[in-house]
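What follows is the content of final_3.pdb (PDB, C-alpha atoms and all ligand atoms).
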ATOM      1  CA  MET G   1       0.000   0.000   0.000
ATOM      2  CA  THR G   2       1.344   3.434  -0.926
ATOM      3  CA  THR G   3       1.463   6.369   1.461
ATOM      4  CA  MET G   4       1.322   8.887  -1.399
ATOM      5  CA  SER G   5      -1.628  11.270  -1.650
ATOM      6  CA  PHE G   6      -4.127  10.813  -4.452
ATOM      7  CA  GLU G   7      -2.748  13.942  -6.159
ATOM      8  CA  GLU G   8       0.780  12.520  -6.078
ATOM      9  CA  ARG G   9      -0.428   9.205  -7.432
ATOM     10  CA  THR G  10      -2.353  10.961 -10.195
ATOM     11  CA  THR G  11       0.745  12.896 -11.210
ATOM     12  CA  GLU G  12       2.837   9.738 -11.406
ATOM     13  CA  LEU G  13       0.157   7.726 -13.231
ATOM     14  CA  ASP G  14      -0.187  10.507 -15.802
ATOM     15  CA  ALA G  15       3.605  10.464 -16.192
ATOM     16  CA  ILE G  16       3.520   6.680 -16.712
ATOM     17  CA  ALA G  17       0.854   7.056 -19.405
ATOM     18  CA  ALA G  18       2.962   9.688 -21.163
ATOM     19  CA  ALA G  19       6.064   7.487 -20.920
ATOM     20  CA  VAL G  20       4.154   4.532 -22.391
ATOM     21  CA  ARG G  21       2.997   6.603 -25.348
ATOM     22  CA  ALA G  22       6.614   7.540 -26.141
ATOM     23  CA  CYS G  23       8.198   4.234 -25.110
ATOM     24  CA  VAL G  24      10.809   2.475 -27.256
ATOM     25  CA  LYS G  25      12.036   0.056 -24.590
ATOM     26  CA  CYS G  26      11.112  -3.070 -26.558
ATOM     27  CA  GLN G  27      10.672  -3.955 -30.206
ATOM     28  CA  LEU G  28       6.865  -3.770 -30.029
ATOM     29  CA  HIS G  29       7.079   0.001 -30.426
ATOM     30  CA  LYS G  30       8.104  -0.471 -34.065
ATOM     31  CA  GLY G  31       4.743  -1.754 -35.273
ATOM     32  CA  ARG G  32       2.343   0.172 -33.100
ATOM     33  CA  THR G  33       0.036   2.981 -34.201
ATOM     34  CA  LYS G  34      -0.762   4.081 -30.648
ATOM     35  CA  ALA G  35       0.421   2.642 -27.362
ATOM     36  CA  VAL G  36      -2.331   1.839 -24.868
ATOM     37  CA  PRO G  37      -1.409   2.778 -21.288
ATOM     38  CA  GLY G  38      -4.807   1.873 -19.815
ATOM     39  CA  ALA G  39      -7.994   3.723 -18.908
ATOM     40  CA  GLY G  40     -10.144   4.251 -15.878
ATOM     41  CA  PRO G  41     -10.192   6.011 -12.529
ATOM     42  CA  TYR G  42      -6.916   6.094 -10.645
ATOM     43  CA  ASN G  43      -8.705   5.007  -7.473
ATOM     44  CA  ALA G  44     -10.618   2.106  -9.028
ATOM     45  CA  ASP G  45     -11.506  -0.835  -6.789
ATOM     46  CA  ILE G  46     -11.176  -3.260  -9.684
ATOM     47  CA  MET G  47      -8.357  -3.479 -12.236
ATOM     48  CA  PHE G  48      -8.719  -5.669 -15.326
ATOM     49  CA  ILE G  49      -5.499  -6.773 -16.986
ATOM     50  CA  GLY G  50      -5.691  -8.155 -20.512
ATOM     51  CA  GLU G  51      -2.875  -9.385 -22.748
ATOM     52  CA  GLY G  52      -2.109  -6.629 -25.235
ATOM     53  CA  PRO G  53      -3.815  -4.218 -27.609
ATOM     54  CA  GLY G  54      -5.527  -5.625 -30.694
ATOM     55  CA  TYR G  55      -6.208  -3.827 -33.980
ATOM     56  CA  HIS G  56      -8.887  -1.420 -32.731
ATOM     57  CA  GLU G  57      -7.059  -0.685 -29.477
ATOM     58  CA  ASP G  58      -3.903   0.103 -31.437
ATOM     59  CA  GLN G  59      -5.836   2.465 -33.705
ATOM     60  CA  GLN G  60      -7.533   4.333 -30.868
ATOM     61  CA  GLY G  61      -4.988   4.096 -28.050
ATOM     62  CA  LEU G  62      -7.677   2.705 -25.717
ATOM     63  CA  PRO G  63      -8.043  -0.747 -24.145
ATOM     64  CA  PHE G  64     -10.847  -3.184 -25.022
ATOM     65  CA  VAL G  65     -12.738  -1.105 -27.569
ATOM     66  CA  GLY G  66     -13.799  -3.830 -30.023
ATOM     67  CA  ALA G  67     -16.150  -6.787 -29.566
ATOM     68  CA  SER G  68     -14.217  -7.897 -26.473
ATOM     69  CA  GLY G  69     -14.808  -4.495 -24.923
ATOM     70  CA  LYS G  70     -18.547  -4.769 -25.583
ATOM     71  CA  LEU G  71     -18.692  -8.139 -23.838
ATOM     72  CA  LEU G  72     -16.712  -6.747 -20.919
ATOM     73  CA  GLU G  73     -19.188  -3.858 -20.649
ATOM     74  CA  GLU G  74     -22.137  -6.232 -20.817
ATOM     75  CA  MET G  75     -20.706  -8.347 -17.994
ATOM     76  CA  LEU G  76     -19.940  -5.270 -15.898
ATOM     77  CA  GLY G  77     -23.539  -4.166 -16.429
ATOM     78  CA  LYS G  78     -24.724  -7.431 -14.863
ATOM     79  CA  ILE G  79     -23.114  -6.344 -11.585
ATOM     80  CA  GLY G  80     -24.216  -2.728 -11.829
ATOM     81  CA  LEU G  81     -20.921  -1.279 -13.033
ATOM     82  CA  LYS G  82     -19.903   0.790 -16.027
ATOM     83  CA  ARG G  83     -16.502   0.567 -17.674
ATOM     84  CA  ASP G  84     -15.544   4.039 -16.462
ATOM     85  CA  GLN G  85     -15.729   2.721 -12.886
ATOM     86  CA  VAL G  86     -12.938   0.180 -13.372
ATOM     87  CA  PHE G  87      -9.344   0.492 -14.566
ATOM     88  CA  ILE G  88      -8.550  -1.538 -17.670
ATOM     89  CA  THR G  89      -5.056  -2.165 -18.978
ATOM     90  CA  ASN G  90      -2.838  -4.823 -20.512
ATOM     91  CA  VAL G  91       0.336  -6.792 -19.830
ATOM     92  CA  VAL G  92       2.037  -5.201 -22.856
ATOM     93  CA  LYS G  93       0.999  -1.734 -23.930
ATOM     94  CA  CYS G  94       1.805  -1.998 -27.649
ATOM     95  CA  ARG G  95       0.174  -4.308 -30.190
ATOM     96  CA  PRO G  96       2.283  -7.328 -31.132
ATOM     97  CA  PRO G  97       2.514  -7.671 -34.947
ATOM     98  CA  GLU G  98      -0.323  -9.795 -36.411
ATOM     99  CA  ASN G  99      -1.586 -10.212 -32.843
ATOM    100  CA  ARG G 100       1.143 -12.746 -32.084
ATOM    101  CA  ASP G 101       1.824 -13.722 -28.489
ATOM    102  CA  PRO G 102       4.039 -11.256 -26.630
ATOM    103  CA  LEU G 103       7.547 -12.611 -26.047
ATOM    104  CA  PRO G 104       8.836 -13.156 -22.499
ATOM    105  CA  VAL G 105      11.341 -10.312 -22.873
ATOM    106  CA  GLU G 106       8.575  -7.958 -24.026
ATOM    107  CA  ILE G 107       6.356  -8.941 -21.096
ATOM    108  CA  GLU G 108       9.210  -8.523 -18.633
ATOM    109  CA  THR G 109      10.231  -5.145 -20.015
ATOM    110  CA  CYS G 110       6.730  -3.717 -20.150
ATOM    111  CA  THR G 111       5.441  -5.002 -16.815
ATOM    112  CA  GLY G 112       8.684  -4.096 -15.051
ATOM    113  CA  ASN G 113       8.551  -0.536 -16.314
ATOM    114  CA  TYR G 114       4.816   0.140 -16.234
ATOM    115  CA  LEU G 115       2.205  -2.395 -15.131
ATOM    116  CA  PHE G 116       3.558  -3.233 -11.700
ATOM    117  CA  ARG G 117       3.957   0.440 -10.857
ATOM    118  CA  GLN G 118       0.405   1.142 -12.073
ATOM    119  CA  ILE G 119      -0.828  -1.578  -9.703
ATOM    120  CA  GLU G 120       1.132  -0.101  -6.792
ATOM    121  CA  LEU G 121      -0.228   3.384  -7.421
ATOM    122  CA  ILE G 122      -3.862   2.500  -8.136
ATOM    123  CA  ASP G 123      -3.820  -0.107  -5.374
ATOM    124  CA  PRO G 124      -7.003  -1.900  -6.487
ATOM    125  CA  LYS G 125      -8.956  -4.144  -4.139
ATOM    126  CA  VAL G 126      -9.334  -6.777  -6.849
ATOM    127  CA  ILE G 127      -7.202  -7.601  -9.884
ATOM    128  CA  VAL G 128      -8.924  -9.557 -12.641
ATOM    129  CA  THR G 129      -6.643 -11.339 -15.064
ATOM    130  CA  LEU G 130      -8.046 -11.771 -18.560
ATOM    131  CA  GLY G 131      -6.279 -14.436 -20.554
ATOM    132  CA  ARG G 132      -3.206 -16.572 -20.011
ATOM    133  CA  PHE G 133      -0.392 -13.980 -20.138
ATOM    134  CA  SER G 134      -2.065 -11.849 -17.525
ATOM    135  CA  MET G 135      -2.893 -14.935 -15.445
ATOM    136  CA  GLY G 136       0.712 -16.104 -15.785
ATOM    137  CA  LEU G 137       1.931 -13.030 -13.893
ATOM    138  CA  PHE G 138      -0.026 -13.928 -10.770
ATOM    139  CA  PHE G 139      -0.796 -17.657 -11.143
ATOM    140  CA  PRO G 140       2.350 -19.073 -12.742
ATOM    141  CA  GLY G 141       1.886 -22.532 -14.250
ATOM    142  CA  ALA G 142      -1.899 -22.541 -13.682
ATOM    143  CA  LYS G 143      -4.487 -23.570 -16.255
ATOM    144  CA  ILE G 144      -7.361 -21.145 -16.813
ATOM    145  CA  SER G 145      -9.844 -23.986 -17.357
ATOM    146  CA  GLN G 146      -9.108 -25.169 -13.810
ATOM    147  CA  ILE G 147      -8.854 -21.906 -11.890
ATOM    148  CA  HIS G 148     -11.181 -19.394 -13.590
ATOM    149  CA  GLY G 149     -13.480 -17.742 -11.083
ATOM    150  CA  LYS G 150     -11.398 -18.910  -8.094
ATOM    151  CA  ALA G 151      -9.894 -15.959  -6.277
ATOM    152  CA  LYS G 152      -6.687 -16.027  -4.313
ATOM    153  CA  TRP G 153      -5.836 -13.446  -1.668
ATOM    154  CA  GLU G 154      -2.478 -11.769  -1.131
ATOM    155  CA  LYS G 155      -1.843  -8.878   1.242
ATOM    156  CA  GLY G 156      -5.508  -7.919   1.391
ATOM    157  CA  ARG G 157      -6.028  -7.954  -2.373
ATOM    158  CA  ALA G 158      -8.021 -10.533  -4.329
ATOM    159  CA  TYR G 159      -6.744 -11.879  -7.649
ATOM    160  CA  LEU G 160      -9.479 -13.352  -9.808
ATOM    161  CA  PRO G 161      -8.521 -15.220 -12.986
ATOM    162  CA  MET G 162     -11.047 -15.090 -15.828
ATOM    163  CA  PHE G 163     -11.162 -16.100 -19.449
ATOM    164  CA  HIS G 164     -10.231 -13.453 -21.988
ATOM    165  CA  PRO G 165     -13.429 -12.022 -23.525
ATOM    166  CA  ALA G 166     -12.126 -12.915 -27.001
ATOM    167  CA  ALA G 167     -12.061 -16.593 -25.978
ATOM    168  CA  VAL G 168     -15.622 -16.330 -24.663
ATOM    169  CA  LEU G 169     -16.749 -14.701 -27.908
ATOM    170  CA  ARG G 170     -15.407 -17.682 -29.862
ATOM    171  CA  SER G 171     -17.650 -20.090 -27.895
ATOM    172  CA  LEU G 172     -20.320 -17.678 -26.790
ATOM    173  CA  GLU G 173     -23.175 -20.088 -26.218
ATOM    174  CA  SER G 174     -21.223 -22.501 -24.061
ATOM    175  CA  MET G 175     -19.000 -20.076 -22.149
ATOM    176  CA  LYS G 176     -21.095 -16.979 -21.532
ATOM    177  CA  PRO G 177     -23.236 -18.322 -18.642
ATOM    178  CA  GLN G 178     -20.105 -19.361 -16.712
ATOM    179  CA  TYR G 179     -18.465 -16.023 -17.540
ATOM    180  CA  GLU G 180     -21.380 -14.257 -15.907
ATOM    181  CA  VAL G 181     -21.071 -16.493 -12.837
ATOM    182  CA  ASP G 182     -17.387 -15.504 -12.540
ATOM    183  CA  PHE G 183     -18.193 -11.790 -12.911
ATOM    184  CA  ARG G 184     -20.844 -11.987 -10.205
ATOM    185  CA  LYS G 185     -18.114 -12.838  -7.695
ATOM    186  CA  LEU G 186     -16.573  -9.377  -8.021
ATOM    187  CA  PRO G 187     -18.849  -7.299  -5.729
ATOM    188  CA  GLU G 188     -18.365  -9.692  -2.831
ATOM    189  CA  LEU G 189     -14.576  -9.717  -3.295
ATOM    190  CA  VAL G 190     -14.465  -5.914  -3.286
ATOM    191  CA  GLU G 191     -16.637  -5.790  -0.196
ATOM    192  CA  GLN G 192     -14.503  -8.370   1.576
ATOM    193  CA  ALA G 193     -11.271  -6.498   0.743
ATOM    194  CA  LYS G 194     -12.743  -3.232   2.048
ATOM    195  CA  LYS G 195     -13.896  -4.914   5.221
ATOM    196  CA  ASP G 196     -10.499  -6.508   5.811
ATOM    197  CA  ALA G 197      -8.753  -3.154   5.207
ATOM    198  CA  LYS G 198     -10.735  -1.383   7.926
ATOM    199  CA  PRO G 199      -8.816  -1.074  11.174
ATOM    200  CA  ALA G 200     -10.536  -2.905  13.990
ATOM    201  CA  PRO G 201     -12.382  -0.345  16.118
ATOM    202  CA  SER G 202     -10.726   0.119  19.474
ATOM    203  CA  ALA G 203     -12.999  -1.125  22.187
ATOM    204  CA  PRO G 204     -14.415   1.615  24.442
ATOM    205  CA  PRO G 205     -13.479   1.286  28.091
ATOM    206  CA  THR G 206     -15.974  -0.946  29.817
ATOM    207  CA  PRO G 207     -17.287   0.481  33.075
ATOM    208  CA  GLU G 208     -17.318  -2.021  35.844
ATOM    209  CA  THR G 209     -21.070  -2.243  36.249
ATOM    210  CA  PRO G 210     -22.253  -4.780  38.724
ATOM    211  CA  LYS G 211     -24.490  -7.337  37.093
ATOM    212  CA  LYS G 212     -28.117  -7.013  38.101
ATOM    213  CA  ASP G 213     -30.434  -9.913  38.513
ATOM    214  CA  ASP G 214     -32.736  -8.610  35.801
ATOM    215  CA  ASP G 215     -29.943  -8.194  33.185
ATOM    216  CA  PRO G 216     -30.655 -10.188  30.017
ATOM    217  CA  PRO G 217     -28.788 -13.481  29.887
ATOM    218  CA  SER G 218     -25.372 -13.252  28.236
ATOM    219  CA  GLY G 219     -25.304 -14.623  24.713
ATOM    220  CA  SER G 220     -28.341 -12.679  23.494
ATOM    221  CA  SER G 221     -27.252 -10.964  20.308
ATOM    222  CA  THR G 222     -28.385  -8.399  17.817
ATOM    223  CA  PRO G 223     -28.632  -9.584  14.216
ATOM    224  CA  PRO G 224     -25.504  -8.916  12.114
ATOM    225  CA  LYS G 225     -25.613  -5.879   9.861
ATOM    226  CA  GLN G 226     -26.379  -6.549   6.222
ATOM    227  CA  LEU G 227     -23.319  -5.695   4.126
ATOM    228  CA  SER G 228     -23.808  -3.399   1.208
ATOM    229  CA  LEU G 229     -22.361  -4.665  -2.057
ATOM    230  CA  PHE G 230     -20.248  -1.586  -2.754
TER     231      PHE G 230
HETATM  232  S1  LIG J   1       5.258  -2.863 -25.223
HETATM  233 FE1  LIG J   1       5.738  -1.718 -23.363
HETATM  234  S2  LIG J   1       7.968  -1.793 -23.162
HETATM  235 FE2  LIG J   1       7.451  -2.348 -25.284
HETATM  236  S3  LIG J   1       7.565  -0.410 -26.421
HETATM  237 FE3  LIG J   1       5.433  -0.703 -25.797
HETATM  238  S4  LIG J   1       5.258   0.407 -23.851
HETATM  239 FE4  LIG J   1       7.436   0.101 -24.253
END
Taking this structure as input, can you express it in the form of structure tokens?
Ligand code: SF4
Amino acid sequence: MTTMSFEERTTELDAIAAAVRACVKCQLHKGRTKAVPGAGPYNADIMFIGEGPGYHEDQQGLPFVGASGKLLEEMLGKIGLKRDQVFITNVVKCRPPENRDPLPVEIETCTGNYLFRQIELIDPKVIVTLGRFSMGLFFPGAKISQIHGKAKWEKGRAYLPMFHPAAVLRSLESMKPQYEVDFRKLPELVEQAKKDAKPAPSAPPTPETPKKDDDPPSGSSTPPKQLSLF
């Protein structure tokens, strides 16, 4: 967790976005039209991390703007969220030629310079990995078919692996219902992370009141408060 103010974080995140747009640190810069630093509020509770920009993202400089973006928006709508309430970015910020897989050196260079710092500064409650390269950063060696929708917790943050929307679009009928089930886990994870982050209230001093005969028996309880989703 960072101790920087929101203004300081905003300044650095803007600087990261500018550095990404001018970056020549790996060979992917050669074929890009526009680099895609990411988009969304800098204090988002949820950060989605995809693989890399595709054709439309490269043209517009924005993440998930094609059919995959539409599916993402539809799924967010199911849990009452809009895309401008979450931060969306990618493992590599420039489009690999012909949409090939990013190379290990490209992933290492880009995440080491940009993604991991973006995570530190935004400090999301939940990180959603979309696709195998993003999943590989946080669940090395795992198989998405076995772990999708199963969150792991580290230092108060939930990591939720999900299929990439492009994969769901290829088998829409069979995969979409499960995709929705996985998305519906997000509000509870955010709520849990917020609850865990709250410092335990210090107990008020208890006056030494002598117990009266007509006191209610110990063990009577008030019902627990209903948690709000967000
Ligand atoms: S992919 Fe990342 S490291 Fe490579 S040129 Fe683009 S911004 Fe720089």
Which residues are near range 172-176 of chain G? Cut-off 10 Å, only C-alpha atoms, ignore same chain within fewer than 6 positions. Put them as number ranges by chain. G: 71, 75, 163, 165-166, 182
Output the neighbourhood of ligand LIG 1 (chain J) as a PyMOL selection string, that is, all protein and nucleic acid residues with some atom at most 6 Å from the ligand, counting all atoms listed in the file. chain G and resi 20+23-26+28-29+92-94+106+109-110
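The shell of residues at most 9 Å from Glu73 in chain G, with only C-alpha atoms counted and near chain neighbours (fewer than 6 positions) removed, consists of Leu81, Lys82 and Arg83 of chain G.
Proximity to Phe87 in chain G was assessed for G:Ala167, G:Val126, G:Ala39, G:Leu121 counting all atoms listed in the file; the smallest distance is recorded for G:Ala39.
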Assuming the chain letters and numbering stay as they are in my file, what does the PyMOL selection byres (((chain G and resi 96) around 9) and not hetatm) actually select? List them as a PDB file with C-alpha atoms, in the coordinates of the input.
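Output file expr-v4.pdb is given in full below:
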ATOM      1  CA  LEU G  28       6.865  -3.770 -30.029  1.00  0.00           C
ATOM      2  CA  HIS G  29       7.079   0.001 -30.426  1.00  0.00           C
ATOM      3  CA  GLY G  31       4.743  -1.754 -35.273  1.00  0.00           C
ATOM      4  CA  ARG G  32       2.343   0.172 -33.100  1.00  0.00           C
ATOM      5  CA  GLY G  52      -2.109  -6.629 -25.235  1.00  0.00           C
ATOM      6  CA  PRO G  53      -3.815  -4.218 -27.609  1.00  0.00           C
ATOM      7  CA  GLY G  54      -5.527  -5.625 -30.694  1.00  0.00           C
ATOM      8  CA  VAL G  92       2.037  -5.201 -22.856  1.00  0.00           C
ATOM      9  CA  CYS G  94       1.805  -1.998 -27.649  1.00  0.00           C
ATOM     10  CA  ARG G  95       0.174  -4.308 -30.190  1.00  0.00           C
ATOM     11  CA  PRO G  97       2.514  -7.671 -34.947  1.00  0.00           C
ATOM     12  CA  GLU G  98      -0.323  -9.795 -36.411  1.00  0.00           C
ATOM     13  CA  ASN G  99      -1.586 -10.212 -32.843  1.00  0.00           C
ATOM     14  CA  ARG G 100       1.143 -12.746 -32.084  1.00  0.00           C
ATOM     15  CA  ASP G 101       1.824 -13.722 -28.489  1.00  0.00           C
ATOM     16  CA  PRO G 102       4.039 -11.256 -26.630  1.00  0.00           C
TER      17      PRO G 102
END
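Take CA of Ala19 in chain G and CA of Gly112 in chain G: the distance between them is 13.2 Å.
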Would you mind listing, for every residue of range 92-143 of chain G within 8 Å of range 1-9 of chain G, the two atoms forming the shortest contact and the distance between them in Å to one decimal, using only C-alpha atoms, sorted by chain and ascending residue number, as a tab-separated table?
residue	atom	partner	partner_atom	distance
G:Glu120	CA	G:Thr2	CA	6.9
G:Leu121	CA	G:Arg9	CA	5.8
G:Ile122	CA	G:Arg9	CA	7.6
G:Asp123	CA	G:Met1	CA	6.6
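Between Ala67 in chain G and the candidates G:Leu13, G:Leu169, G:Glu180, G:Lys125, the tightest atom-to-atom separation, counting all atoms listed in the file, involves G:Leu169.
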Can you tell me, as a PDB file with C-alpha atoms, in the coordinates of the input, which residues sit within 6 Å of (-0.9, -3.6, -14.4) in the file's frame, using all atoms listed in the file?
ATOM      1  CA  LEU G 115       2.205  -2.395 -15.131  1.00  0.00           C
ATOM      2  CA  PHE G 116       3.558  -3.233 -11.700  1.00  0.00           C
ATOM      3  CA  GLN G 118       0.405   1.142 -12.073  1.00  0.00           C
ATOM      4  CA  ILE G 119      -0.828  -1.578  -9.703  1.00  0.00           C
TER       5      ILE G 119
END
At a cut-off of 8 Å, using all atoms listed in the file, what residues contact Gln85 in chain G? Leave out same-chain residues fewer than 4 positions from it and give the result as a ChimeraX atom specification. /G:40-41,44,81
If the PyMOL selection byres (((chain G and resi 152) around 12) and not hetatm) is run on the structure shown, which residues does it catch, given as a PyMOL selection string? chain G and resi 126-129+135+138-139+147-151+153-161+189+193
Between CA of Gly69 in chain G and CA of Arg21 in chain G, measure the distance and give it in Å to one decimal. 21.0 Å
